[in-house]
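> If it helps, the file is called target-v8.csv and holds CSV, C-alpha atoms and all ligand atoms:
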chain,number,residue,atom,x,y,z
A,17,ALA,CA,0.0,0.0,0.0
A,18,LEU,CA,1.1,3.6,-0.6
A,19,ALA,CA,2.4,5.4,2.4
A,20,GLN,CA,-0.1,7.9,3.8
A,21,GLU,CA,0.7,11.5,2.8
A,22,THR,CA,2.0,13.7,5.6
A,23,VAL,CA,0.8,17.1,6.7
A,24,ARG,CA,3.4,19.0,8.7
A,25,ILE,CA,2.6,21.6,11.4
A,26,GLY,CA,5.4,23.8,12.4
A,27,LEU,CA,5.0,24.8,16.1
A,28,ILE,CA,7.4,27.6,17.1
A,29,LEU,CA,7.6,28.3,20.8
A,30,PRO,CA,9.9,29.8,23.5
A,31,MET,CA,11.0,26.5,25.1
A,32,THR,CA,13.9,28.2,26.9
A,33,GLY,CA,14.4,31.7,28.3
A,34,PRO,CA,12.0,33.8,30.4
A,35,SER,CA,8.8,32.6,28.6
A,36,ALA,CA,9.7,28.9,28.6
A,37,SER,CA,6.6,28.1,30.6
A,38,THR,CA,4.5,29.3,27.6
A,39,GLY,CA,6.4,26.9,25.3
A,40,ARG,CA,6.1,24.0,27.7
A,41,GLU,CA,2.4,24.5,28.3
A,42,ILE,CA,1.6,24.8,24.6
A,43,GLU,CA,3.7,21.9,23.5
A,44,ALA,CA,2.2,19.7,26.1
A,45,ALA,CA,-1.3,20.7,25.1
A,46,ALA,CA,-0.6,20.1,21.4
A,47,ARG,CA,0.8,16.6,22.1
A,48,LEU,CA,-2.2,15.8,24.4
A,49,TYR,CA,-4.6,16.9,21.6
A,50,MET,CA,-2.9,14.6,19.1
A,51,GLN,CA,-2.8,11.7,21.6
A,52,GLN,CA,-6.5,12.1,22.2
A,53,ASN,CA,-7.5,12.6,18.6
A,54,GLY,CA,-5.0,10.5,16.7
A,55,ALA,CA,-2.3,11.5,14.2
A,56,THR,CA,-4.5,10.9,11.1
A,57,VAL,CA,-6.9,13.5,9.8
A,58,ALA,CA,-8.8,13.2,6.5
A,59,GLY,CA,-6.5,10.4,5.4
A,60,LYS,CA,-3.3,12.3,6.1
A,61,THR,CA,-0.7,11.7,8.8
A,62,ILE,CA,-0.1,14.7,11.0
A,63,GLU,CA,3.4,15.5,11.9
A,64,LEU,CA,4.2,18.1,14.6
A,65,ILE,CA,7.6,19.8,14.3
A,66,VAL,CA,8.4,21.7,17.5
A,67,LYS,CA,11.1,24.5,17.3
A,68,ASP,CA,12.5,26.6,20.1
A,69,ASP,CA,12.9,30.3,19.2
A,70,THR,CA,14.2,31.1,22.7
A,71,GLY,CA,11.9,34.1,22.8
A,72,VAL,CA,14.0,36.0,20.2
A,73,ALA,CA,12.1,37.4,17.2
A,74,ASP,CA,14.9,37.0,14.7
A,75,VAL,CA,15.1,33.3,15.6
A,76,THR,CA,11.3,32.9,15.2
A,77,LYS,CA,11.6,34.4,11.8
A,78,ARG,CA,14.4,32.2,10.6
A,79,LEU,CA,12.7,29.1,12.0
A,80,ALA,CA,9.5,30.0,10.2
A,81,GLN,CA,11.4,30.5,6.9
A,82,GLU,CA,13.0,27.1,7.3
A,83,LEU,CA,9.8,25.4,8.2
A,84,VAL,CA,8.1,26.8,5.1
A,85,VAL,CA,10.9,26.3,2.6
A,86,LYS,CA,12.6,23.1,3.8
A,87,ASP,CA,9.8,21.2,5.7
A,88,LYS,CA,7.0,22.5,3.6
A,89,VAL,CA,4.7,22.9,6.6
A,90,ALA,CA,1.0,23.4,5.9
A,91,VAL,CA,0.5,25.6,9.0
A,92,LEU,CA,2.8,27.7,11.2
A,93,ALA,CA,1.6,27.8,14.8
A,94,GLY,CA,2.6,28.8,18.4
A,95,PHE,CA,4.0,32.4,18.9
A,96,GLY,CA,4.6,32.9,22.6
A,97,LEU,CA,5.0,36.7,22.5
A,98,THR,CA,3.7,39.5,20.3
A,99,PRO,CA,7.1,40.4,18.8
A,100,LEU,CA,7.6,36.7,17.8
A,101,ALA,CA,4.2,36.6,16.1
A,102,ALA,CA,4.8,39.9,14.3
A,103,ALA,CA,8.1,38.8,13.0
A,104,VAL,CA,6.5,35.9,11.1
A,105,ALA,CA,3.5,37.8,9.6
A,106,PRO,CA,5.4,38.8,6.4
A,107,ILE,CA,6.3,35.2,5.9
A,108,SER,CA,2.8,33.8,6.3
A,109,THR,CA,1.5,36.5,4.0
A,110,GLN,CA,4.1,35.8,1.3
A,111,ALA,CA,4.0,32.0,1.5
A,112,LYS,CA,0.2,32.0,2.0
A,113,VAL,CA,0.5,29.6,4.9
A,114,PRO,CA,-2.0,30.0,7.8
A,115,GLN,CA,-0.3,31.3,11.0
A,116,VAL,CA,-2.2,30.1,14.1
A,117,ILE,CA,-1.4,32.4,17.0
A,118,MET,CA,-1.9,30.3,20.2
A,119,ALA,CA,-0.4,32.8,22.7
A,120,ALA,CA,0.4,36.4,21.6
A,121,ALA,CA,-2.4,38.8,22.5
A,122,THR,CA,-1.8,42.3,21.2
A,123,ALA,CA,-5.1,43.4,19.5
A,124,ALA,CA,-3.4,44.6,16.3
A,125,THR,CA,-1.4,41.5,15.7
A,126,THR,CA,-4.0,39.8,13.6
A,127,GLU,CA,-4.0,42.7,11.2
A,128,ALA,CA,-0.3,42.1,10.3
A,129,SER,CA,-1.2,39.3,7.9
A,130,PRO,CA,-4.4,38.1,6.2
A,131,PHE,CA,-3.2,34.5,7.0
A,132,ILE,CA,-3.2,35.0,10.8
A,133,VAL,CA,-5.9,33.3,12.9
A,134,ARG,CA,-5.9,33.6,16.7
A,135,THR,CA,-6.9,31.1,19.4
A,136,SER,CA,-5.5,32.9,22.4
A,137,PHE,CA,-7.2,36.3,23.3
A,138,THR,CA,-6.6,40.0,23.2
A,139,LEU,CA,-5.7,42.2,26.1
A,140,PRO,CA,-8.5,44.7,25.4
A,141,GLN,CA,-11.0,41.8,25.3
A,142,VAL,CA,-10.2,40.7,28.9
A,143,THR,CA,-9.4,44.2,30.3
A,144,VAL,CA,-12.6,46.0,29.5
A,145,PRO,CA,-14.7,43.8,31.7
A,146,LEU,CA,-12.3,44.4,34.6
A,147,ALA,CA,-12.6,48.2,34.2
A,148,ASP,CA,-16.4,47.7,34.4
A,149,TRP,CA,-16.1,45.5,37.5
A,150,ALA,CA,-13.8,48.1,39.2
A,151,ALA,CA,-16.2,51.0,38.5
A,152,GLN,CA,-19.1,49.0,39.8
A,153,ASN,CA,-17.3,48.0,43.0
A,154,GLY,CA,-16.4,51.2,44.6
A,155,ILE,CA,-13.0,51.8,43.0
A,156,LYS,CA,-12.6,55.4,42.0
A,157,THR,CA,-8.9,55.9,41.4
A,158,VAL,CA,-6.5,53.5,39.8
A,159,VAL,CA,-2.8,53.4,38.9
A,160,THR,CA,-2.0,51.1,36.0
A,161,LEU,CA,1.2,49.1,35.9
A,162,VAL,CA,2.0,47.1,32.7
A,163,SER,CA,4.9,45.5,30.9
A,164,ASP,CA,6.2,48.0,28.3
A,165,TYR,CA,5.2,46.4,25.0
A,166,GLY,CA,2.2,45.6,22.8
A,167,PRO,CA,-0.1,43.7,25.2
A,168,GLY,CA,0.7,45.9,28.2
A,169,LEU,CA,0.1,49.1,26.2
A,170,ASP,CA,-3.2,47.6,24.9
A,171,ALA,CA,-4.2,46.8,28.5
A,172,GLN,CA,-3.3,50.2,29.8
A,173,LYS,CA,-5.3,52.0,27.1
A,174,ALA,CA,-8.3,49.7,27.3
A,175,PHE,CA,-8.5,50.1,31.1
A,176,ALA,CA,-8.1,53.9,31.1
A,177,GLU,CA,-10.7,54.4,28.3
A,178,ARG,CA,-13.3,52.2,29.8
A,179,PHE,CA,-12.8,53.1,33.4
A,180,GLY,CA,-12.8,56.8,32.5
A,181,LYS,CA,-16.2,56.4,30.7
A,182,ALA,CA,-17.5,54.7,33.8
A,183,GLY,CA,-16.6,57.7,35.9
A,184,GLY,CA,-13.3,56.5,37.3
A,185,THR,CA,-9.9,58.1,37.1
A,186,VAL,CA,-6.6,56.6,36.2
A,187,THR,CA,-4.2,58.8,38.1
A,188,GLU,CA,-0.9,57.3,36.8
A,189,GLN,CA,0.2,54.9,34.0
A,190,LEU,CA,3.4,53.0,34.7
A,191,GLN,CA,5.3,50.9,32.2
A,192,VAL,CA,7.9,48.4,33.4
A,193,PRO,CA,10.6,47.0,31.0
A,194,LEU,CA,9.7,43.5,29.7
A,195,LYS,CA,13.2,42.1,30.1
A,196,ASN,CA,14.6,41.4,33.6
A,197,PRO,CA,11.9,43.6,35.2
A,198,ASP,CA,12.5,45.3,38.5
A,199,PHE,CA,9.1,46.2,39.8
A,200,ALA,CA,10.3,47.8,43.1
A,201,PRO,CA,10.6,51.5,41.9
A,202,PHE,CA,7.3,51.3,40.2
A,203,LEU,CA,5.6,49.7,43.2
A,204,GLN,CA,7.0,52.5,45.3
A,205,ARG,CA,5.3,55.0,43.0
A,206,VAL,CA,2.0,53.1,43.5
A,207,ALA,CA,2.4,53.1,47.2
A,208,ASP,CA,3.1,56.9,47.2
A,209,ALA,CA,0.1,57.6,44.9
A,210,LYS,CA,-2.3,55.7,47.2
A,211,PRO,CA,-5.0,54.9,44.6
A,212,ASP,CA,-8.0,52.7,45.5
A,213,ALA,CA,-6.5,50.0,43.3
A,214,VAL,CA,-3.5,49.1,41.1
A,215,PHE,CA,-4.3,47.4,37.8
A,216,VAL,CA,-1.6,45.1,36.6
A,217,PHE,CA,-0.6,43.2,33.4
A,218,VAL,CA,2.5,41.2,33.1
A,219,PRO,CA,2.9,38.3,30.6
A,220,SER,CA,2.5,34.6,31.5
A,221,GLY,CA,5.4,33.4,33.7
A,222,PHE,CA,6.1,36.8,35.3
A,223,GLY,CA,3.3,36.7,37.9
A,224,ALA,CA,5.3,35.1,40.6
A,225,ILE,CA,8.2,37.6,40.5
A,226,PHE,CA,5.7,40.5,40.4
A,227,MET,CA,3.8,39.2,43.4
A,228,LYS,CA,7.1,38.6,45.3
A,229,GLN,CA,8.1,42.2,44.9
A,230,PHE,CA,4.5,43.4,45.6
A,231,VAL,CA,4.8,41.7,49.1
A,232,GLU,CA,8.4,42.9,49.6
A,233,ARG,CA,7.3,46.5,49.1
A,234,GLY,CA,4.4,46.0,51.6
A,235,LEU,CA,1.8,46.6,48.9
A,236,ASP,CA,-0.3,43.7,50.2
A,237,LYS,CA,-0.7,45.5,53.5
A,238,SER,CA,-1.2,49.0,52.0
A,239,GLY,CA,-5.0,48.9,51.6
A,240,ILE,CA,-4.5,49.4,47.8
A,241,ARG,CA,-6.4,46.7,46.0
A,242,LEU,CA,-4.7,44.5,43.4
A,243,ILE,CA,-6.8,43.9,40.2
A,244,ALA,CA,-5.2,42.3,37.2
A,245,THR,CA,-5.7,40.4,34.0
A,246,GLY,CA,-5.5,36.6,34.5
A,247,ASP,CA,-1.9,36.6,33.1
A,248,VAL,CA,-0.8,37.7,36.6
A,249,THR,CA,-2.5,34.9,38.5
A,250,ASP,CA,-1.5,32.4,35.8
A,251,ASP,CA,-2.6,28.8,36.7
A,252,GLU,CA,0.9,27.6,36.1
A,253,GLN,CA,2.3,29.8,38.9
A,254,LEU,CA,-0.7,30.6,41.1
A,255,ASP,CA,-0.1,27.9,43.7
A,256,ARG,CA,3.5,28.8,44.1
A,257,ILE,CA,2.6,32.5,44.5
A,258,GLY,CA,0.7,31.5,47.6
A,259,ASP,CA,-1.8,33.0,50.0
A,260,VAL,CA,-0.8,36.6,49.2
A,261,ALA,CA,-2.9,36.2,46.0
A,262,LEU,CA,-6.0,35.2,47.9
A,263,GLY,CA,-8.9,37.5,47.1
A,264,THR,CA,-7.3,39.0,44.0
A,265,ILE,CA,-9.9,39.9,41.3
A,266,THR,CA,-8.9,39.2,37.8
A,267,THR,CA,-10.6,38.8,34.4
A,268,HIS,CA,-9.6,36.3,31.8
A,269,HIS,CA,-10.9,33.7,29.3
A,270,TYR,CA,-9.6,30.6,31.0
A,271,SER,CA,-9.3,29.2,34.5
A,272,ALA,CA,-8.2,25.6,35.3
A,273,ALA,CA,-11.2,25.7,37.7
A,274,HIS,CA,-13.7,26.4,34.9
A,275,ASP,CA,-16.7,24.3,35.8
A,276,SER,CA,-17.6,22.2,32.8
A,277,PRO,CA,-17.3,18.5,32.0
A,278,GLU,CA,-15.0,19.3,29.0
A,279,ASN,CA,-12.6,21.2,31.2
A,280,LYS,CA,-12.6,18.7,34.1
A,281,ALA,CA,-11.6,16.0,31.6
A,282,PHE,CA,-9.0,18.2,30.0
A,283,VAL,CA,-7.4,19.2,33.3
A,284,ALA,CA,-7.3,15.6,34.5
A,285,ALA,CA,-5.7,14.4,31.3
A,286,PHE,CA,-3.2,17.2,31.2
A,287,LEU,CA,-2.1,16.7,34.8
A,288,ALA,CA,-1.7,13.0,34.2
A,289,ALA,CA,0.3,13.4,31.1
A,290,ASN,CA,2.6,16.1,32.5
A,291,ASN,CA,3.6,15.0,36.1
A,292,GLY,CA,1.0,17.3,37.7
A,293,LEU,CA,1.7,20.4,35.7
A,294,ARG,CA,-1.5,22.5,35.8
A,295,PRO,CA,-2.7,23.7,32.4
A,296,ASN,CA,-2.9,27.4,32.1
A,297,PHE,CA,-4.5,29.7,29.4
A,298,MET,CA,-1.5,29.2,27.1
A,299,ALA,CA,-2.1,25.4,27.1
A,300,VAL,CA,-5.7,26.1,26.1
A,301,GLY,CA,-4.7,28.4,23.3
A,302,GLY,CA,-2.5,25.5,22.0
A,303,TYR,CA,-5.2,22.8,22.5
A,304,ASP,CA,-7.8,24.9,20.6
A,305,GLY,CA,-5.3,25.9,18.0
A,306,MET,CA,-4.7,22.2,17.2
A,307,HIS,CA,-8.5,21.6,17.1
A,308,LEU,CA,-8.8,24.5,14.6
A,309,ILE,CA,-6.2,22.9,12.4
A,310,TYR,CA,-7.6,19.4,12.6
A,311,GLU,CA,-11.2,20.6,11.9
A,312,ALA,CA,-10.0,22.8,9.0
A,313,LEU,CA,-8.3,19.8,7.5
A,314,LYS,CA,-11.4,17.7,7.8
A,315,LYS,CA,-13.4,20.5,6.0
A,316,THR,CA,-10.9,20.6,3.1
A,317,GLY,CA,-10.8,16.8,2.9
A,318,GLY,CA,-7.1,16.9,3.7
A,319,ALA,CA,-6.2,19.5,1.1
A,320,THR,CA,-3.5,21.8,2.4
A,321,ASP,CA,-3.5,24.8,0.2
A,322,GLY,CA,-3.2,27.8,2.5
A,323,GLN,CA,-6.2,29.8,1.3
A,324,GLY,CA,-8.4,26.8,1.5
A,325,LEU,CA,-7.4,26.0,5.1
A,326,LEU,CA,-7.8,29.7,6.1
A,327,ASP,CA,-11.3,29.8,4.6
A,328,ALA,CA,-12.2,26.7,6.5
A,329,MET,CA,-11.0,28.2,9.8
A,330,LYS,CA,-13.0,31.4,9.4
A,331,GLY,CA,-16.3,31.3,11.3
A,332,MET,CA,-15.6,28.0,12.9
A,333,SER,CA,-17.2,27.6,16.4
A,334,TRP,CA,-16.9,24.9,19.0
A,335,THR,CA,-17.2,24.2,22.7
A,336,SER,CA,-13.7,24.7,24.1
A,337,VAL,CA,-12.6,23.7,27.6
A,338,ARG,CA,-12.8,27.5,28.3
A,339,GLY,CA,-16.5,27.7,27.1
A,340,PRO,CA,-18.0,28.4,23.7
A,341,ILE,CA,-15.7,30.1,21.2
A,342,SER,CA,-15.6,31.0,17.6
A,343,ILE,CA,-13.3,32.5,15.0
A,344,ASP,CA,-14.7,35.8,13.8
A,345,PRO,CA,-14.8,35.4,10.0
A,346,ASP,CA,-14.1,39.1,9.4
A,347,THR,CA,-11.2,39.6,11.7
A,348,ARG,CA,-9.9,36.0,12.2
A,349,ASP,CA,-9.7,36.8,15.9
A,350,ILE,CA,-11.3,34.8,18.7
A,351,VAL,CA,-14.8,35.5,20.1
A,352,GLN,CA,-15.1,34.1,23.6
A,353,ASN,CA,-16.6,34.5,27.1
A,354,VAL,CA,-14.6,36.6,29.6
A,355,TYR,CA,-14.9,35.6,33.2
A,356,VAL,CA,-14.5,37.6,36.4
A,357,ARG,CA,-12.7,35.5,38.9
A,358,LYS,CA,-11.4,35.6,42.5
A,359,VAL,CA,-8.4,33.8,43.9
A,360,GLU,CA,-9.7,31.2,46.4
A,361,GLN,CA,-8.7,28.0,48.1
A,362,LYS,CA,-10.2,25.0,46.4
A,363,ASP,CA,-9.4,21.4,47.1
A,364,GLY,CA,-6.3,22.4,49.0
A,365,ALA,CA,-4.8,24.6,46.3
A,366,LEU,CA,-5.3,28.2,44.9
A,367,TYR,CA,-7.4,28.7,41.9
A,368,ASN,CA,-9.0,31.6,40.0
A,369,VAL,CA,-12.7,30.8,40.8
A,370,GLU,CA,-15.1,32.3,38.2
A,371,PHE,CA,-18.1,34.2,39.6
A,372,ALA,CA,-19.4,36.2,36.6
A,373,THR,CA,-19.4,35.7,32.8
A,374,ILE,CA,-19.5,38.2,30.0
A,375,GLU,CA,-20.6,36.2,27.0
A,376,ALA,CA,-19.2,36.1,23.4
A,377,VAL,CA,-16.8,39.1,23.7
A,378,LYS,CA,-15.1,40.3,20.5
A,379,ASP,CA,-11.9,42.1,20.5
A,380,PRO,CA,-13.2,45.6,21.3
A,381,VAL,CA,-10.5,47.4,19.3
A,382,LYS,CA,-11.5,45.8,16.1
A,383,ALA,CA,-15.3,45.8,17.0
A,384,ALA,CA,-15.0,49.7,17.3
A,385,LYS,CA,-13.6,50.0,13.7
B,401,LIG,C1,1.6,38.1,25.5
B,401,LIG,C2,2.4,37.2,26.2
B,401,LIG,C3,1.9,36.6,27.3
B,401,LIG,O1,2.6,35.7,28.0
B,401,LIG,C4,0.7,37.0,27.8
B,401,LIG,O2,0.3,36.4,29.0
B,401,LIG,C5,-0.1,37.9,27.2
B,401,LIG,C6,0.4,38.5,26.0
B,401,LIG,C7,2.1,38.7,24.3
B,401,LIG,O3,3.3,38.9,24.1
B,401,LIG,O4,1.3,39.1,23.4
Do you think you could lay out the structure here as structure tokens?

Amino acid sequence: ALAQETVRIGLILPMTGPSASTGREIEAAARLYMQQNGATVAGKTIELIVKDDTGVADVTKRLAQELVVKDKVAVLAGFGLTPLAAAVAPISTQAKVPQVIMAAATAATTEASPFIVRTSFTLPQVTVPLADWAAQNGIKTVVTLVSDYGPGLDAQKAFAERFGKAGGTVTEQLQVPLKNPDFAPFLQRVADAKPDAVFVFVPSGFGAIFMKQFVERGLDKSGIRLIATGDVTDDEQLDRIGDVALGTITTHHYSAAHDSPENKAFVAAFLAANNGLRPNFMAVGGYDGMHLIYEALKKTGGATDGQGLLDAMKGMSWTSVRGPISIDPDTRDIVQNVYVRKVEQKDGALYNVEFATIEAVKDPVKAAK
């Protein structure tokens, strides 16, 4: 018999460096998806090629070029940080290869190539509901503190605009360098400004160091409330952060504690396959990204031409472990529920426990255009 044709998926991730947890989570989720769903789709053998870009954009770009030219991948996927996704956009455009963004979350990134599709989230998408929550819960003044690059600047802007419209005031906007961040001087500014709350975004994997410095500066005892996107109370780090996180209000699209049969099965399988590593929102972006690729291949009957795959992805909807999601056919960005959560003890560990849901949220930046 003829050997089955192979469809290659190039998965480029930061497997080393400061965002290594993102790479580890997404790779584990992609492998779990394949283990659960098999390596044959529409009569083709799926081969996953994982590459470590170390979190450096020039490396991401070179790896993407090699994957397209030498390995003839049908899909490029992964992209742990915004600059890494952006570096590949010209390649996906030129080669007409779908670029599935499983992690990066700056709103504008999807506009960098018509071949980009996103299964993660956008910072404005998760930040607007938090500004609403703050305004509705007695918070009148806020200092914002974000990592100084795309997603942080998105979060800062979305928070200030929405909170301002709701009658609140952002009194100061602080940006902390992304690389080797020292939060101490910025936290001192927050302490001196004495706002009702400090709103924080740092990328996945940086929450623990932020919280450590938050405590060292005495901010936990200052009476200033901490509110954040769920990146800060990342499931991969939350239990190590410890009790200081208790009570923190965050908004995000995924919690490992999300109460659905799909998620319970996913978390149990992920923990079992990864020595107890808890899946975080990055893992879910990877798991759903693989689902999107598999389902697109089913729709095309295994055909791998880039435009055909892209068209198959547009408008697709399914029940994710995070809740119902779809790919907006106009923007190629994800539409999903955003949850308001509180850090609580549950079954002897810390979790982001969801207590309110805003349904079917589109990226507000693109929705306003
Ligand atoms: C990005 C990276 C993250 O780890 C995160 O939690 C959110 C956004 C980014 O670079 O886009």
> For region 56-82 of chain A against region 107-113 of chain A, with a cut-off of 12 Å and counting all atoms listed in the file, what is the closest atom pair and its distance in Å to one decimal for every residue that makes the cut, ordered by chain and number, as JSON lines?

{"residue": "A:Thr76", "atom": "CA", "partner": "A:Ile107", "partner_atom": "CA", "distance": 10.8}
{"residue": "A:Lys77", "atom": "CA", "partner": "A:Ile107", "partner_atom": "CA", "distance": 8.0}
{"residue": "A:Arg78", "atom": "CA", "partner": "A:Ile107", "partner_atom": "CA", "distance": 9.8}
{"residue": "A:Leu79", "atom": "CA", "partner": "A:Ile107", "partner_atom": "CA", "distance": 10.7}
{"residue": "A:Ala80", "atom": "CA", "partner": "A:Ile107", "partner_atom": "CA", "distance": 7.5}
{"residue": "A:Gln81", "atom": "CA", "partner": "A:Ile107", "partner_atom": "CA", "distance": 7.0}
{"residue": "A:Glu82", "atom": "CA", "partner": "A:Ile107", "partner_atom": "CA", "distance": 10.6}
> Quick one: residues within 9 Å of ligand LIG 401 (chain B), with all atoms listed in the file, as a PyMOL selection string?
chain A and resi 35+37-38+95-101+119-123+125+136-139+165-168+217-222+245-248+250+297-298
> Might you pull out every residue within 8 Å of Pro114 (chain A), with only C-alpha atoms counted and same-chain residues fewer than 3 positions away left off, and present them as a list in words?
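Final neighbour list, sorted by chain and number: Ala90, Val91, Leu92, Ser108, Phe131, Ile132, Val133, Gly322, Gln323, Leu325 and Leu326 of chain A.
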> Looking at only C-alpha atoms, which of A:Gly239, A:Asp251, A:Leu203, A:Ala150 is the one that sits closest to Ala224 (chain A)?
A:Asp251
> Could you tell me which of A:Thr373, A:Ser336, A:Asn368, A:Thr316 comes closest to Val354 (chain A) if we count only C-alpha atoms?
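Under the stated criterion, the closest residue is A:Thr373.
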> List every protein, DNA or RNA residue that has at least one atom no more than 9 Å from (-2.7, 25.1, 25.1) in the file's coordinates, counting all atoms listed in the file, and write the result as a count of residues only.
22
> Which residue is closest to Gln115 (chain A)? Choose from A:Arg348, A:Lys314, A:Lys362, A:Lys378 and count all atoms listed in the file.
A:Arg348
> Could you name the residues that touch Gly180 (chain A) at 10 Å or less, counting only C-alpha atoms, but leaving out those on the same chain fewer than 2 positions away, as number ranges by chain?
A: 147-148, 151, 156-157, 174-178, 182-186
> Can you tell me which residues surround Leu366 (chain A) at a distance of at most 7 Å, considering all atoms listed in the file, apart from same-chain residues fewer than 4 positions away, and format the answer as number ranges by chain?
A: 254-255, 359-362
> From the set A:Lys358, A:Arg241, A:Lys181, A:Lys195, which residue has the shortest atom-to-atom contact distance to Val72 (chain A), counting all atoms listed in the file?
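Among A:Lys358, A:Arg241, A:Lys181, A:Lys195, it is A:Lys195 that comes nearest to Val72 (chain A).
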> Can you work out which one of A:Gly94, A:Pro201, A:Pro380, A:Pro345 has the shortest atom-to-atom distance to Ile117 (chain A), counting all atoms listed in the file?
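Counting all atoms listed in the file, the residue closest to Ile117 (chain A) is A:Gly94.
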> Compare A:Ala244, A:Leu287, A:Thr22, A:Asp74 by their minimum atom-to-atom distance to Thr320 (chain A), counting all atoms listed in the file, and give me the closest one.
A:Thr22
> Got a sec: who's within 8 Å of Phe215 (chain A), counting all atoms listed in the file, leaving out chain neighbours fewer than 2 positions off, as a compact mmCIF listing (two decimals) with C-alpha atoms, in the coordinates of the input?

# COMPACT_ATOMS: atom_id res chain seq x y z
CA VAL A 158 -6.50 53.50 39.80
CA VAL A 159 -2.80 53.40 38.90
CA THR A 160 -2.00 51.10 36.00
CA LEU A 161 1.20 49.10 35.90
CA ALA A 213 -6.50 50.00 43.30
CA PHE A 217 -0.60 43.20 33.40
CA LEU A 242 -4.70 44.50 43.40
CA ILE A 243 -6.80 43.90 40.20
CA ALA A 244 -5.20 42.30 37.20
> What is the distance between CA of Thr187 (chain A) and CA of Leu169 (chain A), in Å to one decimal?
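Rounded to one decimal, the two atoms are 15.9 Å apart.
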> Just how far from CA of Ala128 (chain A) is CA of Ile343 (chain A), in Å to one decimal?
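So the answer is 16.8 Å.
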> Can you rebuild region 262-274 of chain A with N, CA, C and O atoms and give it as a compact mmCIF listing (two decimals), in the coordinates of the input?

# COMPACT_ATOMS: atom_id res chain seq x y z
N LEU A 262 -4.63 35.49 47.55
CA LEU A 262 -6.00 35.20 47.90
C LEU A 262 -6.86 36.52 47.82
O LEU A 262 -6.45 37.59 48.28
N GLY A 263 -8.01 36.41 47.19
CA GLY A 263 -8.90 37.50 47.10
C GLY A 263 -8.69 38.42 45.86
O GLY A 263 -9.50 39.30 45.57
N THR A 264 -7.58 38.20 45.14
CA THR A 264 -7.30 39.00 44.00
C THR A 264 -8.38 38.83 42.91
O THR A 264 -8.71 37.70 42.55
N ILE A 265 -8.91 39.95 42.40
CA ILE A 265 -9.90 39.90 41.30
C ILE A 265 -9.20 40.06 40.00
O ILE A 265 -8.41 40.98 39.81
N THR A 266 -9.49 39.12 39.11
CA THR A 266 -8.90 39.20 37.80
C THR A 266 -10.03 38.89 36.74
O THR A 266 -11.07 38.33 37.09
N THR A 267 -9.76 39.26 35.49
CA THR A 267 -10.60 38.80 34.40
C THR A 267 -9.77 38.11 33.36
O THR A 267 -8.62 38.49 33.10
N HIS A 268 -10.34 37.05 32.79
CA HIS A 268 -9.60 36.30 31.80
C HIS A 268 -10.59 35.32 31.10
O HIS A 268 -11.74 35.19 31.52
N HIS A 269 -10.04 34.63 30.09
CA HIS A 269 -10.90 33.70 29.30
C HIS A 269 -10.76 32.29 29.73
O HIS A 269 -11.51 31.45 29.27
N TYR A 270 -9.77 31.97 30.60
CA TYR A 270 -9.60 30.60 31.00
C TYR A 270 -9.15 30.50 32.47
O TYR A 270 -8.24 31.23 32.88
N SER A 271 -9.76 29.58 33.20
CA SER A 271 -9.30 29.20 34.50
C SER A 271 -9.28 27.65 34.54
O SER A 271 -10.23 27.02 34.05
N ALA A 272 -8.25 27.06 35.14
CA ALA A 272 -8.20 25.60 35.30
C ALA A 272 -9.40 25.13 36.15
O ALA A 272 -9.77 23.96 36.10
N ALA A 273 -9.99 26.07 36.92
CA ALA A 273 -11.20 25.70 37.70
C ALA A 273 -12.48 25.90 36.99
O ALA A 273 -13.54 25.75 37.58
N HIS A 274 -12.42 26.24 35.70
CA HIS A 274 -13.70 26.40 34.90
C HIS A 274 -14.54 25.19 35.07
O HIS A 274 -14.08 24.07 34.85
